[in-house]
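Report on one structure; see the data block that follows.
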Amino acid sequence: MDSGQWLIVCEGTRTEPNYFAGLLSYFYDRGGRDLSSLVEVKGVGRGTESLVRSAESFFEIVETEYGKMRLPSGNVAAVFDRDAFGKGSFNHAIKLAGLQRKAYPGIERYIAAWSNESFELWIYLHFHYTDSAMARQELNAKLTEIFRAGGVLSGRKTYSGGVKTKDSIFGDILKCGGSPARALKNAKRLSGVWSDDTKYADQNPRTEVWRLTQALADEAGVKLD
């Protein structure tokens with residue numbers, strides 16, 4: 001198991017960074033190692049011109065942030081969604097992620113924590129398993145139902161307007177009965193549905209966020225079960 005400082009670069013500026021902050025606190029609360037000084041989460045903004053222009057531009061951002069760490073070794077994760085890129089660019093982004101460790105000898109581990117179609121699939125898997133393709137809007141609607149039933153949302157508030165941007169998103173998931181262990185199990189099962197080819201853009205639904213979650217759990221010394 002590789003150990004050291006972690007850099008997690010996310011497309012989004014709120015949902016993913018807030019989720020991982022909550023996940024790290026969850027590990028610590030369960031008696032795990034305090035990773036707050038070892039893990040840096042950066043949200044670069046999904047809508048920025050530099051991100052949507054090309055996969056190369058996204059990884060230029062990742063490389064820049066990694067360069068700021070000034071460490072002899074480290075671990076890097078790139079968190080991105082299918083709907084942030086065109087079909088060809090998405091496949092290319094995953095291929096580029098696989099080349100980063102070779103390009104930068106100081107990187108111990110490089111994880112492409114991608115989701116098809118969106119990060120909301122990973123959140124949904126905290127509650128239920130699915131192998132049916134769903135667009136972001138459909139996932140958002142299902143999450144709205146879950147968070148309303150759990151008492152996090154009231155009235156006409158939706159997941160997008162009432163949970164997605166909250167600092168407490170991870171806590172809200174737990175409050176509604178969601179489990180990171182269940183998400184890990186469901187996502188691993190879902191990954192096994194697909195053949196190990198490179199047509200990632202066609203593999204909907206699928207999320208590899210479980211790989212990053214497992215790595216962080218191992219780093220913290222927490223067993224997800």
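All residue names refer to the structure tokens as shown: chains lettered A, B, ... in order, residues numbered from 1 in each chain, ligands numbered from 1 in order.
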Closest pair table for segment 130-192 of chain A residues within 7 Å of segment 201-206 of chain A, only C-alpha atoms, as JSON lines:
```
{"residue": "A:Asp131", "atom": "CA", "partner": "A:Pro205", "partner_atom": "CA", "distance": 6.0}
{"residue": "A:Ser132", "atom": "CA", "partner": "A:Pro205", "partner_atom": "CA", "distance": 6.4}
{"residue": "A:Ala133", "atom": "CA", "partner": "A:Pro205", "partner_atom": "CA", "distance": 5.0}
{"residue": "A:Met134", "atom": "CA", "partner": "A:Pro205", "partner_atom": "CA", "distance": 6.8}
{"residue": "A:Leu190", "atom": "CA", "partner": "A:Arg206", "partner_atom": "CA", "distance": 6.2}
{"residue": "A:Ser191", "atom": "CA", "partner": "A:Arg206", "partner_atom": "CA", "distance": 6.1}
```
message: To test your reading of the structure, identify every residue in segment 12-209 of chain A that backbone DSSP assigns to alpha helix (DSSP H), and report it as a PyMOL selection string.
response: chain A and resi 15-29+49-52+55-67+87-103+120-124+136-149+159-162+169-175+180-191+209
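Counting only C-alpha atoms, segment 144-149 of chain A has the following residues at most 9 Å away, ignoring those fewer than 3 positions along the same chain: Tyr124, Phe127, Leu139, Asn140, Ala141, Val152, Leu153, Ser154, Gly155, Lys157, Thr158, Tyr159, Ser160, Gly162, Val163, Asp172, Ile173, Lys175 and Cys176 of chain A.
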message: Can you tell me which residues surround Arg33 of chain A at a distance of at most 10 Å, considering only C-alpha atoms, apart from same-chain residues fewer than 3 positions away, and format the answer as a list in words?
response: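 Skipping anything fewer than 3 positions along the chain leaves Leu24, Ser25, Phe27, Tyr28, Asp29, Arg30, Ser36, Ala217, Asp218, Glu219, Ala220, Gly221 and Val222 of chain A.
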Just to be explicit: take each residue in the selection above, keep C-alpha atoms, and write the result as a PDB file, in the first residue's frame.
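What follows is the written file part.pdb:
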```pdb
ATOM      1  CA  LEU A  24     -12.092  11.668   5.705  1.00  0.00           C
ATOM      2  CA  SER A  25     -13.824  12.859   8.885  1.00  0.00           C
ATOM      3  CA  PHE A  27     -12.762   7.546   8.714  1.00  0.00           C
ATOM      4  CA  TYR A  28     -11.236   9.499  11.608  1.00  0.00           C
ATOM      5  CA  ASP A  29     -14.417   9.163  13.667  1.00  0.00           C
ATOM      6  CA  ARG A  30     -14.253   5.396  13.178  1.00  0.00           C
ATOM      7  CA  SER A  36      -6.502  15.986   7.209  1.00  0.00           C
ATOM      8  CA  ALA A 217      -9.738   3.854   3.657  1.00  0.00           C
ATOM      9  CA  ASP A 218      -6.555   1.775   3.508  1.00  0.00           C
ATOM     10  CA  GLU A 219      -4.465   4.885   4.154  1.00  0.00           C
ATOM     11  CA  ALA A 220      -6.622   5.701   7.185  1.00  0.00           C
ATOM     12  CA  GLY A 221      -6.501   2.121   8.413  1.00  0.00           C
ATOM     13  CA  VAL A 222     -10.290   1.720   8.250  1.00  0.00           C
TER      14      VAL A 222
END
```
For atom CA of Leu38 of chain A and atom CA of Trp6 of chain A, the interatomic separation in Å (one decimal): 5.9 Å
- request: For atom CA of Ser179 of chain A and atom CA of His126 of chain A, quote the distance in Å rounded to one decimal.
  value: 4.9 Å
- prompt: Could you state the separation of atom CA of Ile94 of chain A and atom CA of Ala78 of chain A in Å, given to one decimal place?
  reply: 9.4 Å
field: Nearby residues (only C-alpha atoms) at most 12 Å from Gly12 of chain A, same-chain spacing under 2 positions excluded, as a PyMOL selection string
entry: chain A and resi 8-10+14-20+41-48+51+58+78-81+84+118-120+164-165
- request: Write out as a ChimeraX atom specification all residues of chain A that DSSP puts in strand (DSSP E or B) for this structure's backbone.
  value: /A:6-10,39-43,74-81,107-116,206-207
Output of the above residues as a PDB file, in the first residue's frame, restricted to N, CA and C atoms:
```
ATOM      1  N   TRP A   6      -1.645  13.024  -0.361  1.00  0.00           N
ATOM      2  CA  TRP A   6      -2.592  12.821  -1.457  1.00  0.00           C
ATOM      3  C   TRP A   6      -3.045  14.166  -2.028  1.00  0.00           C
ATOM      4  N   LEU A   7      -3.146  14.217  -3.340  1.00  0.00           N
ATOM      5  CA  LEU A   7      -3.774  15.338  -4.027  1.00  0.00           C
ATOM      6  C   LEU A   7      -4.962  14.785  -4.796  1.00  0.00           C
ATOM      7  N   ILE A   8      -6.143  15.320  -4.512  1.00  0.00           N
ATOM      8  CA  ILE A   8      -7.361  14.918  -5.213  1.00  0.00           C
ATOM      9  C   ILE A   8      -7.876  16.130  -5.966  1.00  0.00           C
ATOM     10  N   VAL A   9      -7.858  16.063  -7.284  1.00  0.00           N
ATOM     11  CA  VAL A   9      -8.325  17.172  -8.112  1.00  0.00           C
ATOM     12  C   VAL A   9      -9.677  16.795  -8.708  1.00  0.00           C
ATOM     13  N   CYS A  10     -10.683  17.627  -8.439  1.00  0.00           N
ATOM     14  CA  CYS A  10     -12.053  17.354  -8.879  1.00  0.00           C
ATOM     15  C   CYS A  10     -12.498  18.406  -9.884  1.00  0.00           C
ATOM     16  N   VAL A  39      -4.087  14.954   2.960  1.00  0.00           N
ATOM     17  CA  VAL A  39      -4.936  14.929   1.771  1.00  0.00           C
ATOM     18  C   VAL A  39      -5.375  16.346   1.428  1.00  0.00           C
ATOM     19  N   GLU A  40      -5.087  16.771   0.223  1.00  0.00           N
ATOM     20  CA  GLU A  40      -5.530  18.082  -0.263  1.00  0.00           C
ATOM     21  C   GLU A  40      -6.507  17.855  -1.405  1.00  0.00           C
ATOM     22  N   VAL A  41      -7.693  18.443  -1.267  1.00  0.00           N
ATOM     23  CA  VAL A  41      -8.731  18.290  -2.283  1.00  0.00           C
ATOM     24  C   VAL A  41      -8.912  19.621  -2.989  1.00  0.00           C
ATOM     25  N   LYS A  42      -8.792  19.604  -4.313  1.00  0.00           N
ATOM     26  CA  LYS A  42      -8.920  20.816  -5.113  1.00  0.00           C
ATOM     27  C   LYS A  42     -10.109  20.694  -6.063  1.00  0.00           C
ATOM     28  N   GLY A  43     -10.986  21.685  -6.051  1.00  0.00           N
ATOM     29  CA  GLY A  43     -12.078  21.752  -7.018  1.00  0.00           C
ATOM     30  C   GLY A  43     -11.742  22.795  -8.064  1.00  0.00           C
ATOM     31  N   GLY A  74       4.183  11.073  -3.871  1.00  0.00           N
ATOM     32  CA  GLY A  74       2.813  11.417  -3.532  1.00  0.00           C
ATOM     33  C   GLY A  74       1.831  10.579  -4.312  1.00  0.00           C
ATOM     34  N   ASN A  75       0.570  10.732  -3.962  1.00  0.00           N
ATOM     35  CA  ASN A  75      -0.517  10.017  -4.603  1.00  0.00           C
ATOM     36  C   ASN A  75      -1.478  11.034  -5.188  1.00  0.00           C
ATOM     37  N   VAL A  76      -1.947  10.774  -6.392  1.00  0.00           N
ATOM     38  CA  VAL A  76      -2.807  11.720  -7.092  1.00  0.00           C
ATOM     39  C   VAL A  76      -4.070  11.011  -7.569  1.00  0.00           C
ATOM     40  N   ALA A  77      -5.198  11.705  -7.454  1.00  0.00           N
ATOM     41  CA  ALA A  77      -6.453  11.202  -7.999  1.00  0.00           C
ATOM     42  C   ALA A  77      -7.123  12.315  -8.786  1.00  0.00           C
ATOM     43  N   ALA A  78      -7.656  11.968  -9.936  1.00  0.00           N
ATOM     44  CA  ALA A  78      -8.421  12.903 -10.751  1.00  0.00           C
ATOM     45  C   ALA A  78      -9.872  12.438 -10.750  1.00  0.00           C
ATOM     46  N   VAL A  79     -10.766  13.306 -10.308  1.00  0.00           N
ATOM     47  CA  VAL A  79     -12.184  12.968 -10.206  1.00  0.00           C
ATOM     48  C   VAL A  79     -12.932  13.739 -11.281  1.00  0.00           C
ATOM     49  N   PHE A  80     -13.488  13.017 -12.245  1.00  0.00           N
ATOM     50  CA  PHE A  80     -14.179  13.689 -13.349  1.00  0.00           C
ATOM     51  C   PHE A  80     -15.312  12.826 -13.876  1.00  0.00           C
ATOM     52  N   ASP A  81     -16.223  13.469 -14.612  1.00  0.00           N
ATOM     53  CA  ASP A  81     -17.436  12.815 -15.087  1.00  0.00           C
ATOM     54  C   ASP A  81     -17.473  12.717 -16.604  1.00  0.00           C
ATOM     55  N   ILE A 107       5.225  10.262  -8.563  1.00  0.00           N
ATOM     56  CA  ILE A 107       3.882   9.810  -8.228  1.00  0.00           C
ATOM     57  C   ILE A 107       3.905   8.321  -7.912  1.00  0.00           C
ATOM     58  N   GLU A 108       3.497   7.986  -6.705  1.00  0.00           N
ATOM     59  CA  GLU A 108       3.426   6.583  -6.294  1.00  0.00           C
ATOM     60  C   GLU A 108       2.198   5.901  -6.888  1.00  0.00           C
ATOM     61  N   ARG A 109       1.094   6.624  -6.878  1.00  0.00           N
ATOM     62  CA  ARG A 109      -0.152   6.056  -7.380  1.00  0.00           C
ATOM     63  C   ARG A 109      -0.981   7.151  -8.039  1.00  0.00           C
ATOM     64  N   TYR A 110      -1.637   6.817  -9.142  1.00  0.00           N
ATOM     65  CA  TYR A 110      -2.473   7.778  -9.849  1.00  0.00           C
ATOM     66  C   TYR A 110      -3.807   7.098 -10.130  1.00  0.00           C
ATOM     67  N   ILE A 111      -4.867   7.631  -9.565  1.00  0.00           N
ATOM     68  CA  ILE A 111      -6.184   7.011  -9.700  1.00  0.00           C
ATOM     69  C   ILE A 111      -7.100   7.896 -10.534  1.00  0.00           C
ATOM     70  N   ALA A 112      -7.676   7.331 -11.570  1.00  0.00           N
ATOM     71  CA  ALA A 112      -8.699   8.021 -12.361  1.00  0.00           C
ATOM     72  C   ALA A 112     -10.052   7.644 -11.774  1.00  0.00           C
ATOM     73  N   ALA A 113     -10.592   8.509 -10.926  1.00  0.00           N
ATOM     74  CA  ALA A 113     -11.857   8.239 -10.242  1.00  0.00           C
ATOM     75  C   ALA A 113     -13.001   8.830 -11.068  1.00  0.00           C
ATOM     76  N   TRP A 114     -13.248   8.214 -12.220  1.00  0.00           N
ATOM     77  CA  TRP A 114     -14.241   8.748 -13.149  1.00  0.00           C
ATOM     78  C   TRP A 114     -15.618   8.124 -12.926  1.00  0.00           C
ATOM     79  N   SER A 115     -16.625   8.857 -13.382  1.00  0.00           N
ATOM     80  CA  SER A 115     -18.000   8.367 -13.301  1.00  0.00           C
ATOM     81  C   SER A 115     -18.700   8.587 -14.631  1.00  0.00           C
ATOM     82  N   ASN A 116     -19.516   7.647 -14.985  1.00  0.00           N
ATOM     83  CA  ASN A 116     -20.333   7.748 -16.189  1.00  0.00           C
ATOM     84  C   ASN A 116     -21.781   7.455 -15.793  1.00  0.00           C
ATOM     85  N   ARG A 206     -21.316   3.427 -14.679  1.00  0.00           N
ATOM     86  CA  ARG A 206     -20.101   2.910 -14.064  1.00  0.00           C
ATOM     87  C   ARG A 206     -19.404   4.050 -13.327  1.00  0.00           C
ATOM     88  N   THR A 207     -18.811   3.746 -12.192  1.00  0.00           N
ATOM     89  CA  THR A 207     -18.004   4.730 -11.468  1.00  0.00           C
ATOM     90  C   THR A 207     -16.810   4.037 -10.839  1.00  0.00           C
TER      91      THR A 207
END
```
- line: The residue from A:Trp194, A:Glu117, A:Lys68, A:Ala135 with the smallest atom-to-atom distance to Lys87 of chain A, counting only C-alpha atoms, is A:Glu117
